[in-house]
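Peer 1: Here you go, one structure.
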Number of protein chains: 2
Amino acid sequence: MAVKKKSSTSITTSKNSTAKRRSSLPNGEGLQLKDNLELEGITFNYWALFDGHAGTGAAVMASKLLHHKIAEHLVEVVGVLRNSAVLPPTCLNDEPEVVSNTRTLTRAASLRGSMGTPGSPSTPPTRFFIEKKIAHESLVIGAIENAFKEMDSQIERERSMYNISGGCTSLVVVFLLDKLYVANAGDSRAIIIRNGEVIPMSSEFTPETERQRLQYLACLQPHLLGNEFTHLEFPRRVQRKELGKKMLFRNFNMTGWAYKIIEEEDLKFPLVYGEGKKARVMATIGVTRGLGDHDLKVHDSNIHIKPFLSCTPEVRVYDFSEHEHEADDALVLATDGLWDVLSNKEVSEAITSFLSNCDPDDPYRYTLAAQDLVMRARGVLKDRGWRISNDRLGSGDDISVFVIPLQHGNKLT
Amino acid sequence: MAVKKKSSTSITTSKNSTAKRRSSLPNGEGLQLKDNLELEGITFNYWALFDGHAGTGAAVMASKLLHHKIAEHLVEVVGVLRNSAVLPPTCLNDEPEVVSNTRTLTRAASLRGSMGTPGSPSTPPTRFFIEKKIAHESLVIGAIENAFKEMDSQIERERSMYNISGGCTSLVVVFLLDKLYVANAGDSRAIIIRNGEVIPMSSEFTPETERQRLQYLACLQPHLLGNEFTHLEFPRRVQRKELGKKMLFRNFNMTGWAYKIIEEEDLKFPLVYGEGKKARVMATIGVTRGLGDHDLKVHDSNIHIKPFLSCTPEVRVYDFSEHEHEADDALVLATDGLWDVLSNKEVSEAITSFLSNCDPDDPYRYTLAAQDLVMRARGVLKDRGWRISNDRLGSGDDISVFVIPLQHGNKLT
């Protein structure tokens with residue numbers, strides 16, 4: 001299994017990088033890849049973007065190690081993946097079993113207990129020999145998911161010894177056996193631009209998008225709120241003088257809003273608070289998935305944030321064999337610094353128009369397109385601050401962008 | 001506020017209704033509506049489908065009471081809803097406050113604690129006066145959500161006194177102020193057919209679609225599994241002879257699969273088991289949202305199922321004012337008995353072709369279209385059993401269908 005390093009198209013800028021606690025650490029900076037890691041002739045390509053906060057430690061460590069963790073997990077199943085004609089065996093090193101699909105049981109029959117439960121010894125064991133078919137790509141997804149989990153555990157274990165500070169979002173792309181796997185934990189974003197059309201390849205994980213997961217956990221384990229926070233959401237902070245009045249609220253199982261009478265308990269600070277870029281978990285962090293942050297606490301308290309954060313990425317799969325790709329088709333990965341000020345459509349139009357004006361033989365045109373995007377998002381310094389098109393405010397955050405050409409996709413395997 | 005009863009288009013069939021423990025109780029059977037419930041001139045229309053299991057009690061009670069609960073919650077906010085020019089006030093009976101939007105805080109600034117936390121008394125309270133704008137339709141959604149919750153609580157409270165048995169799925173439609181609210185808890189389904197196109201208006205809640213929610217709860221509160229079940233999922237039942245071997249599994253934060261070494265703990269029965277219509281929670285129930293089921297236990301054990309079930313509906317909104325509706329446009333509500341054998345596309349084509357062959361002045365044509373759908377799903381008795389088109393097996397479940405014309409939508413308010 002060969003790991004190919006692909007980092008030449010990453011562009012990073014920061015207006016004031018030393019003063020920022022959230023730093024950007026593109027793949028290119030810290031990668032220590034073994035280019036000659038070969039196993040049974042399967043190559044995988046890898047790109048990753050780690051957006052750090054509250055210190056650089058987690059981002060640097062993830063950029064150096066996450067691809068190795070993914071490779072380790074893929075090596076475990078490489079024999080199964082190579083054998084694409086046969087579905088992955090349920091049990092490894094096992095003779096293929098005769099699978100007898102049981103007759104269809106109605107729900108009513110099941111409710112009468114006829115399907116057999118652990119407590120009914122009379123149920124013949126053959127009843128349970130229905131077997132789920134697992135696709136090869138599910139094994140790649142599982143490998144990436146478990147690699148993220150182990151990466152986070154390693155940061156936890158070694159953070160004191162190596163003084164690993166902060167946390168980071170992680171956006172990872174694996175290209176393997178004609179499929180692109182985009183794994184995202186955080187608020188970076190990946191899109192594919194194909195023939196000028198945008199195909200979103202990730203979604204963002206923020207206090208707003210994950211409100212119900214966070215509230216549900218707080219509701220089940222209220223001690224995590226340290227008697228300082230309420231799991232309920234209100235449209236704004238509740239004031240003491242509003243005790244006894246009716247205010248809008250919602251809890252973990254509501255998407256709508258209703259009025260409730262304000263009680264003493266509701267005066268606590270809300271677990272999820274603020275809108276858009278200002279939304280925070282326990283008034284502290286604006287991103288709900290990623291690696292690290294094991295020591296992150298609510299300011300001036302002993303309340304840990306980490307239980308509310310998840311290191312699980314959402315993995316989306318894009319099948320290369322289903323599409324033909326032109327020279328201007330690209331996968332764009334970027335940190336929230338870009339997407340805060342430019343829409344998917346603006347990015348797509350910028351890339352398409354930039355690439356069509358380049359010499360098609362220029363190997364640096366994707367790098368230049370990434371640079372162009374960064375400049376568009378940062379803007380130029382005018383008398384009223386940094387401005388982008390239509391006199392909008394430029395991004396004040398760090399901005400990292402990958403522009404990855406897709407036309408060679410089918411030639412790599 | 002007027003509640004209009006709309007039940008004439010509901011069609012139910014059951015080949016063997018007395019022997020079935022899962023019974024269908026369409027709106028028309030048990031509704032006791034006060035047609036003259038008027039408040040401030042707002043009318044709402046209501047349709048509902050309750051598919052019972054393990055007894056009829058919950059379904060009958062919900063069909064008699066749920067619309068009253070919804071009406072009660074709507075009455076609370078009717079003054080706010082009428083005042084469509086002004087957004088709902090955060091606090092009721094309060095003077096409108098001057099809302100000062102705070103300056104934009106970066107995540108980095110927040111991590112330094114500058115945004116103010118409960119533990120930092122020096123933070124001026126004005127910092128918190130950012131205020132979320134809540135739309136009117138969110139109040140209707142909240143009213144429906146809370147009505148479901150109260151309905152479930154009332155069934156729980158009164159189940160012994162009135163001998164209320166079983167549970168039921170609930171698919172509810174509320175038409176109010178030019179918007180259609182479709183609330184679904186269970187595995188019934190609603191689609192809108194507009195100009196021959198299908199617009200899905202609900203999704204199903206089953207052990208498979210809610211696997212991660214169920215596994216997450218079991219992982220956080222393992223005592224709910226009663227030492228009989230494992231929260232892990234395997235492609236099939238693990239056998240004792242496989243101890244020490246590697247088998248595919250996934251846990252609550254995985255969508256992919258990976259291999260793990262089988263331990264003693266993994267021999268327990270999986271919390272979620274089976275595929276498609278055979279998928280079950282704790283080998284007992286095939287639907288994960290709805291009302292009732294408070295006494296439901298795993299067969300021959302003292303393990304309660306209810307903690308894993310949710311009474312929260314998913315509510316989708318369809319704005320009538322955004323569309324023109326023709327005579328053949330319809331909202332179709334049906335129990336899983338229909339959707340098990342017919343796809344959305346087949347239902348849409350059947351409705352469109354049936355209605356176009358009717359006399360456009362026949363007031364019963366929607367009722368007849370619903371009857372036609374039921375017959376298509378049940379099939380005809382041949383020598384090899386009940387058969388539908390293409391010699392497929394007919395539905396063995398109960399089948400209830402509403403076909404609701406949409407063309408009068410804009411005239412009702």
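Every chain in the structure tokens has a letter given in the order shown (A, B, ...), and although residue numbers restart at 1 in each chain, ligands are simply numbered from 1 in the order shown.
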Determine which residues of segment 203-354 of chain A receive a DSSP assignment of alpha helix (DSSP H), computed from the backbone, and state them as a PyMOL selection string.
Peer 2: chain A and resi 211-220+336-339+344-354
Peer 1: Using DSSP assignments from the backbone, pull out every residue in segment 83-292 of chain A that falls under strand (DSSP E or B) and give it to me as number ranges by chain.
Peer 2: A: 91, 167-176, 179-185, 189-194, 197-200, 229-230, 233, 246-250, 258-261, 269-270, 272-273, 280-281, 285, 289, 291-292
Peer 1: Using only C-alpha atoms for the distances, tell me which of B:His408, B:Val374, B:Asn344, B:Ala62 is nearest to Ser153 of chain B.
Peer 2: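 Nearest to Ser153 of chain B: B:Ala62.
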Peer 1: Could you check which of B:Leu176, B:Met375, B:Met151, B:Ala258 is closest to chain A, using only C-alpha atoms?
Peer 2: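 Closest to chain A of all the choices is B:Ala258.
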Peer 1: Val140 of chain B: which residues within 10 Å, counting only C-alpha atoms, same-chain residues fewer than 2 positions away excluded, as number ranges by chain?
Peer 2: A: 256-258; B: 70, 73-74, 77-78, 81, 135-138, 142-146, 174, 176, 179, 181, 315, 317
